$ cat data.pdb   # PDB, C-alpha atoms, pLDDT in the B column
ATOM      1  CA  MET A   1     -57.592-122.994   7.133  1.00 59.00           C
ATOM      2  CA  ALA A   2     -57.193-122.463   3.399  1.00 70.00           C
ATOM      3  CA  ARG A   3     -58.859-124.747   0.938  1.00 94.00           C
ATOM      4  CA  ARG A   4     -56.613-127.184  -0.888  1.00 96.00           C
ATOM      5  CA  ILE A   5     -57.801-127.233  -4.475  1.00 97.00           C
ATOM      6  CA  THR A   6     -56.825-128.896  -7.742  1.00 96.00           C
ATOM      7  CA  LEU A   7     -55.783-127.392 -11.049  1.00 96.00           C
ATOM      8  CA  ASP A   8     -59.278-128.134 -12.366  1.00 96.00           C
ATOM      9  CA  ASP A   9     -60.768-125.873  -9.658  1.00 97.00           C
ATOM     10  CA  LEU A  10     -58.919-122.734 -10.792  1.00 97.00           C
ATOM     11  CA  PRO A  11     -61.531-121.448 -13.289  1.00 97.00           C
ATOM     12  CA  THR A  12     -64.243-121.853 -10.631  1.00 97.00           C
ATOM     13  CA  VAL A  13     -62.172-119.919  -8.070  1.00 97.00           C
ATOM     14  CA  ARG A  14     -61.751-117.137 -10.655  1.00 98.00           C
ATOM     15  CA  ALA A  15     -65.434-117.075 -11.546  1.00 98.00           C
ATOM     16  CA  GLU A  16     -66.572-116.998  -7.918  1.00 97.00           C
ATOM     17  CA  ALA A  17     -64.133-114.215  -7.036  1.00 98.00           C
ATOM     18  CA  THR A  18     -65.218-112.150 -10.036  1.00 98.00           C
ATOM     19  CA  ALA A  19     -68.901-112.638  -9.191  1.00 98.00           C
ATOM     20  CA  ALA A  20     -68.219-111.488  -5.622  1.00 98.00           C
ATOM     21  CA  GLY A  21     -66.187-108.469  -6.768  1.00 98.00           C
ATOM     22  CA  ARG A  22     -63.020-109.834  -5.138  1.00 98.00           C
ATOM     23  CA  THR A  23     -59.473-109.722  -6.438  1.00 98.00           C
ATOM     24  CA  ILE A  24     -57.013-112.621  -6.454  1.00 98.00           C
ATOM     25  CA  ALA A  25     -53.268-112.588  -5.841  1.00 98.00           C
ATOM     26  CA  LEU A  26     -51.169-115.554  -6.930  1.00 98.00           C
ATOM     27  CA  ALA A  27     -47.928-116.413  -5.134  1.00 98.00           C
ATOM     28  CA  ASN A  28     -45.869-119.503  -5.828  1.00 97.00           C
ATOM     29  CA  GLY A  29     -42.877-121.396  -4.567  1.00 96.00           C
ATOM     30  CA  ILE A  30     -41.463-124.589  -3.189  1.00 95.00           C
ATOM     31  CA  PHE A  31     -41.794-123.664   0.507  1.00 96.00           C
ATOM     32  CA  ASP A  32     -39.393-126.403   1.589  1.00 92.00           C
ATOM     33  CA  LEU A  33     -38.303-126.052   5.244  1.00 88.00           C
ATOM     34  CA  PHE A  34     -40.717-123.190   5.811  1.00 92.00           C
ATOM     35  CA  HIS A  35     -39.042-120.110   7.305  1.00 89.00           C
ATOM     36  CA  VAL A  36     -39.857-116.500   8.203  1.00 92.00           C
ATOM     37  CA  GLY A  37     -38.929-115.265   4.714  1.00 91.00           C
ATOM     38  CA  HIS A  38     -41.680-117.479   3.292  1.00 93.00           C
ATOM     39  CA  LEU A  39     -44.175-116.111   5.805  1.00 96.00           C
ATOM     40  CA  ARG A  40     -43.315-112.485   5.076  1.00 95.00           C
ATOM     41  CA  TYR A  41     -43.580-113.104   1.321  1.00 97.00           C
ATOM     42  CA  LEU A  42     -47.041-114.651   1.656  1.00 98.00           C
ATOM     43  CA  GLN A  43     -48.270-111.957   4.048  1.00 98.00           C
ATOM     44  CA  GLY A  44     -47.092-109.318   1.582  1.00 97.00           C
ATOM     45  CA  ALA A  45     -48.768-111.157  -1.292  1.00 98.00           C
ATOM     46  CA  LYS A  46     -52.064-111.246   0.606  1.00 98.00           C
ATOM     47  CA  ALA A  47     -51.891-107.469   1.044  1.00 98.00           C
ATOM     48  CA  GLU A  48     -52.056-107.119  -2.763  1.00 98.00           C
ATOM     49  CA  ALA A  49     -55.596-108.555  -3.167  1.00 98.00           C
ATOM     50  CA  ASP A  50     -58.707-109.814  -1.409  1.00 98.00           C
ATOM     51  CA  LEU A  51     -57.804-113.492  -1.836  1.00 98.00           C
ATOM     52  CA  LEU A  52     -54.446-115.239  -1.907  1.00 98.00           C
ATOM     53  CA  LEU A  53     -53.945-118.432  -3.871  1.00 98.00           C
ATOM     54  CA  VAL A  54     -50.580-120.108  -3.349  1.00 98.00           C
ATOM     55  CA  ALA A  55     -49.220-122.530  -5.930  1.00 98.00           C
ATOM     56  CA  VAL A  56     -46.769-125.014  -4.379  1.00 98.00           C
ATOM     57  CA  ASN A  57     -44.306-126.855  -6.620  1.00 97.00           C
ATOM     58  CA  SER A  58     -44.828-130.606  -6.706  1.00 97.00           C
ATOM     59  CA  ASP A  59     -42.014-132.903  -5.606  1.00 96.00           C
ATOM     60  CA  ALA A  60     -41.160-133.668  -9.251  1.00 96.00           C
ATOM     61  CA  SER A  61     -41.051-130.010 -10.313  1.00 95.00           C
ATOM     62  CA  THR A  62     -38.947-129.192  -7.247  1.00 95.00           C
ATOM     63  CA  ARG A  63     -36.409-131.889  -8.142  1.00 94.00           C
ATOM     64  CA  ALA A  64     -36.282-130.602 -11.725  1.00 92.00           C
ATOM     65  CA  TYR A  65     -35.604-127.081 -10.420  1.00 87.00           C
ATOM     66  CA  LYS A  66     -33.433-127.693  -7.334  1.00 88.00           C
ATOM     67  CA  GLY A  67     -31.821-131.095  -7.948  1.00 90.00           C
ATOM     68  CA  PRO A  68     -32.181-134.644  -6.667  1.00 91.00           C
ATOM     69  CA  GLY A  69     -31.822-133.825  -2.953  1.00 88.00           C
ATOM     70  CA  ARG A  70     -34.903-131.628  -2.840  1.00 90.00           C
ATOM     71  CA  PRO A  71     -37.486-131.222  -1.593  1.00 94.00           C
ATOM     72  CA  VAL A  72     -36.727-132.191   1.978  1.00 92.00           C
ATOM     73  CA  VAL A  73     -40.424-132.022   2.905  1.00 95.00           C
ATOM     74  CA  PRO A  74     -42.968-133.860   0.687  1.00 97.00           C
ATOM     75  CA  GLU A  75     -45.457-131.814  -1.358  1.00 97.00           C
ATOM     76  CA  ASP A  76     -48.537-132.767   0.654  1.00 97.00           C
ATOM     77  CA  GLU A  77     -46.891-131.617   3.886  1.00 97.00           C
ATOM     78  CA  ARG A  78     -45.592-128.403   2.314  1.00 97.00           C
ATOM     79  CA  ALA A  79     -49.086-127.667   0.970  1.00 97.00           C
ATOM     80  CA  GLU A  80     -50.629-128.383   4.377  1.00 96.00           C
ATOM     81  CA  ILE A  81     -48.225-125.990   6.123  1.00 96.00           C
ATOM     82  CA  VAL A  82     -48.966-123.212   3.623  1.00 97.00           C
ATOM     83  CA  ALA A  83     -52.720-123.894   3.830  1.00 96.00           C
ATOM     84  CA  GLY A  84     -52.559-123.465   7.609  1.00 96.00           C
ATOM     85  CA  LEU A  85     -51.484-119.827   7.355  1.00 97.00           C
ATOM     86  CA  ALA A  86     -54.091-117.173   8.119  1.00 96.00           C
ATOM     87  CA  CYS A  87     -53.099-115.132   5.061  1.00 97.00           C
ATOM     88  CA  VAL A  88     -53.690-117.978   2.578  1.00 98.00           C
ATOM     89  CA  ASP A  89     -57.117-118.654   1.074  1.00 98.00           C
ATOM     90  CA  PHE A  90     -56.338-121.437  -1.422  1.00 98.00           C
ATOM     91  CA  VAL A  91     -53.447-123.807  -2.095  1.00 98.00           C
ATOM     92  CA  VAL A  92     -52.807-125.824  -5.227  1.00 98.00           C
ATOM     93  CA  VAL A  93     -49.872-128.142  -5.968  1.00 98.00           C
ATOM     94  CA  PHE A  94     -48.615-127.816  -9.520  1.00 97.00           C
ATOM     95  CA  PRO A  95     -46.391-130.126 -11.576  1.00 96.00           C
ATOM     96  CA  SER A  96     -44.787-127.714 -14.046  1.00 94.00           C
ATOM     97  CA  ARG A  97     -41.488-125.877 -13.657  1.00 85.00           C
ATOM     98  CA  ASP A  98     -43.187-122.480 -13.951  1.00 92.00           C
ATOM     99  CA  VAL A  99     -46.631-121.154 -13.040  1.00 96.00           C
ATOM    100  CA  VAL A 100     -47.749-120.136 -16.526  1.00 97.00           C
ATOM    101  CA  PRO A 101     -50.400-122.909 -16.631  1.00 96.00           C
ATOM    102  CA  ILE A 102     -51.749-121.630 -13.295  1.00 97.00           C
ATOM    103  CA  ILE A 103     -51.782-118.050 -14.554  1.00 98.00           C
ATOM    104  CA  ARG A 104     -53.644-119.069 -17.710  1.00 97.00           C
ATOM    105  CA  ALA A 105     -56.301-120.991 -15.776  1.00 97.00           C
ATOM    106  CA  LEU A 106     -56.706-118.513 -12.882  1.00 98.00           C
ATOM    107  CA  ARG A 107     -55.974-115.140 -14.482  1.00 98.00           C
ATOM    108  CA  PRO A 108     -54.995-113.594 -11.136  1.00 98.00           C
ATOM    109  CA  ASP A 109     -55.392-109.865 -10.737  1.00 98.00           C
ATOM    110  CA  VAL A 110     -51.824-109.744  -9.452  1.00 98.00           C
ATOM    111  CA  HIS A 111     -48.980-112.237  -9.617  1.00 98.00           C
ATOM    112  CA  VAL A 112     -46.634-111.729  -6.669  1.00 98.00           C
ATOM    113  CA  LYS A 113     -43.013-112.857  -6.460  1.00 97.00           C
ATOM    114  CA  GLY A 114     -40.460-112.544  -3.671  1.00 94.00           C
ATOM    115  CA  THR A 115     -37.758-109.924  -3.351  1.00 93.00           C
ATOM    116  CA  ASP A 116     -35.236-111.956  -5.309  1.00 90.00           C
ATOM    117  CA  TYR A 117     -37.164-110.491  -8.278  1.00 93.00           C
ATOM    118  CA  THR A 118     -38.056-107.006  -9.431  1.00 93.00           C
ATOM    119  CA  PRO A 119     -41.199-106.215 -11.425  1.00 93.00           C
ATOM    120  CA  GLU A 120     -38.979-106.150 -14.518  1.00 94.00           C
ATOM    121  CA  THR A 121     -37.459-109.605 -13.898  1.00 95.00           C
ATOM    122  CA  ILE A 122     -40.593-111.598 -13.035  1.00 96.00           C
ATOM    123  CA  PRO A 123     -40.518-114.356 -15.679  1.00 95.00           C
ATOM    124  CA  GLU A 124     -44.302-114.531 -16.050  1.00 96.00           C
ATOM    125  CA  ALA A 125     -44.857-110.756 -16.229  1.00 97.00           C
ATOM    126  CA  ASP A 126     -45.709-110.685 -19.932  1.00 96.00           C
ATOM    127  CA  GLU A 127     -48.233-113.506 -19.486  1.00 97.00           C
ATOM    128  CA  VAL A 128     -49.961-111.602 -16.672  1.00 98.00           C
ATOM    129  CA  ARG A 129     -49.909-108.213 -18.371  1.00 97.00           C
ATOM    130  CA  ALA A 130     -51.313-109.708 -21.605  1.00 97.00           C
ATOM    131  CA  TYR A 131     -54.787-110.020 -20.033  1.00 97.00           C
ATOM    132  CA  GLY A 132     -54.562-106.829 -17.963  1.00 98.00           C
ATOM    133  CA  GLY A 133     -53.177-108.238 -14.725  1.00 98.00           C
ATOM    134  CA  ARG A 134     -50.270-106.772 -12.832  1.00 98.00           C
ATOM    135  CA  VAL A 135     -47.159-108.076 -11.108  1.00 98.00           C
ATOM    136  CA  ALA A 136     -45.781-107.150  -7.710  1.00 98.00           C
ATOM    137  CA  VAL A 137     -42.893-107.983  -5.408  1.00 97.00           C
ATOM    138  CA  ALA A 138     -43.477-108.704  -1.732  1.00 96.00           C
ATOM    139  CA  GLY A 139     -41.602-109.828   1.351  1.00 90.00           C
ATOM    140  CA  ASP A 140     -38.494-108.866   3.199  1.00 83.00           C
ATOM    141  CA  PRO A 141     -35.034-108.647   1.652  1.00 77.00           C
ATOM    142  CA  LYS A 142     -33.753-112.045   0.569  1.00 72.00           C
ATOM    143  CA  ASN A 143     -31.989-112.749   3.880  1.00 72.00           C
ATOM    144  CA  HIS A 144     -33.551-116.184   4.348  1.00 67.00           C
ATOM    145  CA  SER A 145     -33.491-119.267   2.142  1.00 67.00           C
ATOM    146  CA  THR A 146     -34.043-122.974   2.453  1.00 64.00           C
ATOM    147  CA  THR A 147     -30.702-123.578   0.725  1.00 65.00           C
ATOM    148  CA  ALA A 148     -28.899-121.526   3.387  1.00 70.00           C
ATOM    149  CA  LEU A 149     -30.853-123.272   6.137  1.00 66.00           C
ATOM    150  CA  ILE A 150     -29.860-126.685   4.772  1.00 63.00           C
ATOM    151  CA  ALA A 151     -26.207-125.588   4.631  1.00 69.00           C
ATOM    152  CA  THR A 152     -26.391-124.424   8.254  1.00 66.00           C
ATOM    153  CA  LEU A 153     -27.920-127.729   9.334  1.00 67.00           C
ATOM    154  CA  GLU A 154     -25.304-129.717   7.417  1.00 64.00           C
ATOM    155  CA  ALA A 155     -22.477-127.708   8.980  1.00 72.00           C
ATOM    156  CA  ALA A 156     -23.931-128.266  12.439  1.00 74.00           C
ATOM    157  CA  THR A 157     -24.037-132.021  11.945  1.00 76.00           C
ATOM    158  CA  GLU A 158     -20.549-132.468  10.435  1.00 72.00           C
ATOM    159  CA  PRO A 159     -18.133-134.349  12.688  1.00 72.00           C
ATOM    160  CA  ARG A 160     -15.792-132.015  14.542  1.00 66.00           C
ATOM    161  CA  ARG A 161     -12.074-132.634  14.400  1.00 61.00           C
TER     162      ARG A 161
END
$ encode --input "data.pdb" --output "structure tokens"
Amino acid sequence: MARRITLDDLPTVRAEATAAGRTIALANGIFDLFHVGHLRYLQGAKAEADLLLVAVNSDASTRAYKGPGRPVVPEDERAEIVAGLACVDFVVVFPSRDVVPIIRALRPDVHVKGTDYTPETIPEADEVRAYGGRVAVAGDPKNHSTTALIATLEAATEPRR
């Protein structure tokens, strides 16, 4: 199982990886109602480096991003699910809307986003490239989403006329 760490641990993770000659990939997301698209994204992110650190949005940052009805699953449970994946080495919950503070503290070798992005549209690309890191896109085509899953569940529970 992956280690759940805090924001304060990020420089130590970086230093230990560098000392061991290992590279770090950073992936991030909400991971609410975990689905196969999430898994494929994280497996693809792991393929980009020796270690995979996943930054999971806190409940507050998720609400700021997705609205008052989200997340469905609390942050500690979402982090635990992600930490239980074989491809994940570290998990950190973060309170900000974007992962720039994580990038600045960790300086990952590669920052990986899902296929709803391209290397040119990754919002944090300039931050990563500024210190010599790279960005990548991983996962399957964006055919799965928590929003779509919620809509399916809501439609299935609506009273039939």
$ resolve_selection --input "data.pdb" --expression "the PyMOL selection byres ((chain A and resi 6-17) around 6)" --output "list of chain:residue names"
A:Ile5, A:Thr18, A:Ala19, A:Ala20, A:Arg22, A:Val92, A:Ala105, A:Leu106
$ residues_around --input "data.pdb" --residues "A:Lys113" --least-positions-apart "4" --cutoff "12 Å" --atoms "only C-alpha atoms" --output "number ranges by chain"
A: 25-29, 38, 40-46, 48, 54-55, 99, 117-125, 134-140, 142
$ residues_around --input "data.pdb" --residues "A:Arg70" --least-positions-apart "2" --cutoff "10 Å" --atoms "only C-alpha atoms" --output "PDB file with C-alpha atoms, keeping the file's coordinate frame"
ATOM      1  CA  ILE A  30     -41.463-124.589  -3.189  1.00 95.00           C
ATOM      2  CA  ASP A  32     -39.393-126.403   1.589  1.00 92.00           C
ATOM      3  CA  ASP A  59     -42.014-132.903  -5.606  1.00 96.00           C
ATOM      4  CA  ALA A  60     -41.160-133.668  -9.251  1.00 96.00           C
ATOM      5  CA  SER A  61     -41.051-130.010 -10.313  1.00 95.00           C
ATOM      6  CA  THR A  62     -38.947-129.192  -7.247  1.00 95.00           C
ATOM      7  CA  ARG A  63     -36.409-131.889  -8.142  1.00 94.00           C
ATOM      8  CA  ALA A  64     -36.282-130.602 -11.725  1.00 92.00           C
ATOM      9  CA  TYR A  65     -35.604-127.081 -10.420  1.00 87.00           C
ATOM     10  CA  LYS A  66     -33.433-127.693  -7.334  1.00 88.00           C
ATOM     11  CA  GLY A  67     -31.821-131.095  -7.948  1.00 90.00           C
ATOM     12  CA  PRO A  68     -32.181-134.644  -6.667  1.00 91.00           C
ATOM     13  CA  VAL A  72     -36.727-132.191   1.978  1.00 92.00           C
ATOM     14  CA  VAL A  73     -40.424-132.022   2.905  1.00 95.00           C
ATOM     15  CA  PRO A  74     -42.968-133.860   0.687  1.00 97.00           C
ATOM     16  CA  THR A 147     -30.702-123.578   0.725  1.00 65.00           C
TER      17      THR A 147
END
$ closest_residue --input "data.pdb" --among "A:Phe31, A:Glu77, A:Gly69, A:Val36" --to "A:Val56" --atoms "all atoms listed in the file"
A:Phe31
$ residues_around --input "data.pdb" --residues "A:Ala79" --least-positions-apart "4" --cutoff "8 Å" --atoms "all atoms listed in the file" --output "ChimeraX atom specification"
/A:4,56,75,83,91-93
$ atom_distance --input "data.pdb" --atom1 "atom CA of A:Gly132" --atom2 "atom CA of A:Leu53"
18.3 Å
$ atom_distance --input "data.pdb" --atom1 "atom CA of A:Thr115" --atom2 "atom CA of A:Pro141"
5.8 Å
$ closest_residue --input "data.pdb" --among "A:Asp109, A:Glu158, A:Asp89, A:Asp116" --to "A:Tyr131" --atoms "all atoms listed in the file"
A:Asp109
$ resolve_selection --input "data.pdb" --expression "the PyMOL selection byres ((chain A and resi 94) around 6)" --output "list of chain:residue names"
A:Asn57, A:Ser58, A:Val93, A:Pro95, A:Ser96
$ write_last_selection --input "data.pdb" --atoms "C-alpha atoms" --output "PDB file, in the coordinates of the input"
ATOM      1  CA  ASN A  57     -44.306-126.855  -6.620  1.00 97.00           C
ATOM      2  CA  SER A  58     -44.828-130.606  -6.706  1.00 97.00           C
ATOM      3  CA  VAL A  93     -49.872-128.142  -5.968  1.00 98.00           C
ATOM      4  CA  PRO A  95     -46.391-130.126 -11.576  1.00 96.00           C
ATOM      5  CA  SER A  96     -44.787-127.714 -14.046  1.00 94.00           C
TER       6      SER A  96
END
$ decode --input "data.pdb" --residues "stretch 65-84 of chain A" --atoms "N, CA, C and O atoms" --output "CSV table (one decimal), in the first residue's frame"
chain,number,residue,atom,x,y,z
A,65,TYR,N,-14.2,23.6,-6.8
A,65,TYR,CA,-14.1,23.3,-8.2
A,65,TYR,C,-15.3,22.7,-8.8
A,65,TYR,O,-15.7,23.1,-9.9
A,66,LYS,N,-16.0,21.8,-8.1
A,66,LYS,CA,-17.2,21.1,-8.7
A,66,LYS,C,-18.5,21.6,-8.2
A,66,LYS,O,-19.5,21.2,-8.8
A,67,GLY,N,-18.6,22.3,-7.1
A,67,GLY,CA,-19.9,22.8,-6.6
A,67,GLY,C,-20.2,22.1,-5.3
A,67,GLY,O,-19.5,21.2,-4.8
A,68,PRO,N,-21.3,22.6,-4.7
A,68,PRO,CA,-21.7,22.2,-3.3
A,68,PRO,C,-22.1,20.7,-3.1
A,68,PRO,O,-22.0,20.2,-2.0
A,69,GLY,N,-22.4,20.0,-4.2
A,69,GLY,CA,-22.8,18.6,-4.1
A,69,GLY,C,-21.7,17.6,-4.1
A,69,GLY,O,-21.9,16.4,-4.0
A,70,ARG,N,-20.5,18.1,-4.3
A,70,ARG,CA,-19.3,17.2,-4.4
A,70,ARG,C,-18.3,17.6,-3.3
A,70,ARG,O,-18.3,18.7,-2.9
A,71,PRO,N,-17.5,16.7,-2.9
A,71,PRO,CA,-17.4,15.3,-3.4
A,71,PRO,C,-18.5,14.4,-2.8
A,71,PRO,O,-19.1,14.8,-1.7
A,72,VAL,N,-18.8,13.3,-3.4
A,72,VAL,CA,-19.7,12.3,-2.8
A,72,VAL,C,-18.9,11.5,-1.7
A,72,VAL,O,-19.5,11.2,-0.7
A,73,VAL,N,-17.7,11.2,-2.0
A,73,VAL,CA,-16.9,10.4,-1.1
A,73,VAL,C,-15.9,11.3,-0.3
A,73,VAL,O,-15.2,12.1,-1.0
A,74,PRO,N,-15.8,11.3,1.0
A,74,PRO,CA,-14.9,12.2,1.7
A,74,PRO,C,-13.4,12.0,1.4
A,74,PRO,O,-13.0,10.9,1.0
A,75,GLU,N,-12.7,13.0,1.6
A,75,GLU,CA,-11.2,13.0,1.2
A,75,GLU,C,-10.4,11.9,1.8
A,75,GLU,O,-9.6,11.3,1.1
A,76,ASP,N,-10.6,11.6,3.0
A,76,ASP,CA,-9.8,10.5,3.6
A,76,ASP,C,-10.1,9.1,2.9
A,76,ASP,O,-9.2,8.3,2.7
A,77,GLU,N,-11.4,8.9,2.6
A,77,GLU,CA,-11.7,7.6,1.9
A,77,GLU,C,-11.2,7.6,0.5
A,77,GLU,O,-10.7,6.6,0.0
A,78,ARG,N,-11.3,8.8,-0.2
A,78,ARG,CA,-10.8,8.9,-1.6
A,78,ARG,C,-9.2,8.6,-1.6
A,78,ARG,O,-8.7,7.9,-2.4
A,79,ALA,N,-8.5,9.2,-0.6
A,79,ALA,CA,-7.1,9.0,-0.5
A,79,ALA,C,-6.8,7.6,-0.2
A,79,ALA,O,-5.8,7.0,-0.7
A,80,GLU,N,-7.6,6.9,0.7
A,80,GLU,CA,-7.3,5.5,1.0
A,80,GLU,C,-7.5,4.6,-0.2
A,80,GLU,O,-6.7,3.7,-0.4
A,81,ILE,N,-8.5,4.9,-1.0
A,81,ILE,CA,-8.7,4.1,-2.2
A,81,ILE,C,-7.5,4.2,-3.1
A,81,ILE,O,-7.0,3.2,-3.6
A,82,VAL,N,-7.1,5.5,-3.4
A,82,VAL,CA,-6.0,5.7,-4.3
A,82,VAL,C,-4.7,5.0,-3.7
A,82,VAL,O,-3.9,4.4,-4.5
A,83,ALA,N,-4.5,5.2,-2.4
A,83,ALA,CA,-3.3,4.6,-1.8
A,83,ALA,C,-3.3,3.1,-1.9
A,83,ALA,O,-2.2,2.5,-1.9
A,84,GLY,N,-4.4,2.5,-2.0
A,84,GLY,CA,-4.5,1.0,-2.1
A,84,GLY,C,-4.1,0.4,-3.5
A,84,GLY,O,-4.0,-0.8,-3.6
